[in-house]
Amino acid sequence: MSIIHASAQATAKDSIALIEQERIELELMQRRIREKQDSLVRERVKINEEQKRIEAAKRVEATRNNPAPLQSANAPTPIIISKRKVKNVVGFAPVQMLITGFDLFYERVIGEKTSIVLSGGYHGMENFPRQNSSGAGYSNSSTTLGTAFLGGDKVANYGVRVQVQLRAYLFEEVEVLEKLYIAPTFLYKHDEMVRLNNRYALNNSVSPEYNHYFAEAVVPGLDIGYQIKVLRYFTVNPFIGFMYTVPITGKDDANEVNIDFLNPYRQNLMVRTGLTIGFTF
């Protein structure tokens with residue numbers, strides 16, 4: 001029995017010794033692998049450094065073979081011309097100032113290729129007969145330019161208007177505020193119309209009587225224009241558009257006035273055109 005027990009102990013010792021030997025061999029193998037990896041890393045670093053050296057040598061050689069041209073001291077400095085960026089335009093409508101009153105506007109950049117235009121003004125147009133210099137009657141002559149469009153009753157109209165317009169420039173960045181644009185428009189106007197009572201003949205020496213009428217209207221529309229830069233700081237802007245008059249008060253008063261060409265205070269669709277001149281900043 002003791003012989004068997006001794007044999008088992010010897011076998012166990014041999015197994016432990018074998019396992020220990022294998023562990024040592026495994027550690028040696030792992031150490032060799034780590035050393036090999038370190039060697040590969042060092043070789044890779046050397047290769048990268050050699051590639052950088054070769055590339056630097058190529059650049060030096062290329063510079064030596066193709067030297068940069070020397071610029072003469074008297075050579076003109078190249079000028080880069082770029083469009084002046086602007087965000088605001090203020091101006092007026094010259095045609096309306098000559099004919100019916102004045103109209104001022106302000107344009108401001110609000111987004112990508114878009115701007116908003118606020119405008120307003122006063123307008124007045126008369127088509128009254130003038131009193132003769134002797135005071136004995138009235139001649140059939142208009143008192144202001146622009147009344148040739150008005151026939152029928154002898155009429156004058158005075159009023160104020162306020163307009164909001166949203167412009168979308170089609171081909172230029174908005175900071176330039178230039179070239180073709182399309183613009184939905186909303187106009188409000190308040191007018192007083194004065195009509196000479198028709199029972200007074202032109203040669204009647206009696207002082208004439210006048211009838212007063214009032215009207216308000218909103219006028220949505222759509223304009224197409226082309227804003228042109230001139231003299232760096234100024235703009236010229238011709239435009240054309242369609243507008244639809246919608247009376248909100250005084251519709252009956254507007255119907256009382258007889259104008260042969262076009263009554264601008266009745267509900268109607270009309271074409272408008274104009275010109276503005278502005279200053280940019």
# chains A, B, ... in the order shown; residues from 1 in each chain; ligands from 1
>>> residues_around(residues="Thr249 of chain A", least_positions_apart="5", cutoff="8 Å", atoms="only C-alpha atoms", output="PyMOL selection string")
chain A and resi 214-217
>>> residues_around(residues="Val176 of chain A", least_positions_apart="5", cutoff="12 Å", atoms="only C-alpha atoms", output="ChimeraX atom specification")
/A:82-89,108-109,112-115,169-171,227-229,232-235,280-281
>>> write_last_selection(atoms="C-alpha atoms", output="PDB file, in the first residue's frame")
ATOM      1  CA  SER A  82     -14.978  93.309 -55.331  1.00  0.00           C
ATOM      2  CA  LYS A  83     -18.503  94.567 -55.113  1.00  0.00           C
ATOM      3  CA  ARG A  84     -19.206  96.888 -52.234  1.00  0.00           C
ATOM      4  CA  LYS A  85     -21.389  95.301 -49.587  1.00  0.00           C
ATOM      5  CA  VAL A  86     -24.342  97.379 -48.423  1.00  0.00           C
ATOM      6  CA  LYS A  87     -27.262  96.766 -46.098  1.00  0.00           C
ATOM      7  CA  ASN A  88     -29.326  99.955 -46.478  1.00  0.00           C
ATOM      8  CA  VAL A  89     -30.710 102.172 -49.225  1.00  0.00           C
ATOM      9  CA  ARG A 108     -32.988  97.111 -45.440  1.00  0.00           C
ATOM     10  CA  VAL A 109     -31.425  93.645 -45.771  1.00  0.00           C
ATOM     11  CA  GLU A 112     -30.564  85.566 -47.664  1.00  0.00           C
ATOM     12  CA  LYS A 113     -31.150  87.482 -50.926  1.00  0.00           C
ATOM     13  CA  THR A 114     -34.126  89.325 -49.419  1.00  0.00           C
ATOM     14  CA  SER A 115     -34.799  92.849 -48.236  1.00  0.00           C
ATOM     15  CA  TYR A 169     -33.131  89.352 -55.542  1.00  0.00           C
ATOM     16  CA  LEU A 170     -32.733  86.576 -58.078  1.00  0.00           C
ATOM     17  CA  PHE A 171     -29.096  86.612 -59.174  1.00  0.00           C
ATOM     18  CA  GLN A 227     -31.803  98.022 -59.352  1.00  0.00           C
ATOM     19  CA  ILE A 228     -28.616  99.413 -60.891  1.00  0.00           C
ATOM     20  CA  LYS A 229     -25.570 100.719 -59.013  1.00  0.00           C
ATOM     21  CA  ARG A 232     -20.567 103.509 -56.327  1.00  0.00           C
ATOM     22  CA  TYR A 233     -22.960 104.930 -53.719  1.00  0.00           C
ATOM     23  CA  PHE A 234     -26.160 105.487 -55.716  1.00  0.00           C
ATOM     24  CA  THR A 235     -28.874 103.293 -57.216  1.00  0.00           C
ATOM     25  CA  THR A 280     -26.519 103.141 -50.275  1.00  0.00           C
ATOM     26  CA  PHE A 281     -24.733 102.709 -46.963  1.00  0.00           C
TER      27      PHE A 281
END
>>> atom_distance(atom1="atom CA of Val218 of chain A", atom2="atom CA of Tyr181 of chain A")
22.9 Å
>>> closest_residue(among="A:Asn66, A:Gly91, A:Gln96, A:Val194", to="Phe279 of chain A", atoms="only C-alpha atoms")
A:Gly91
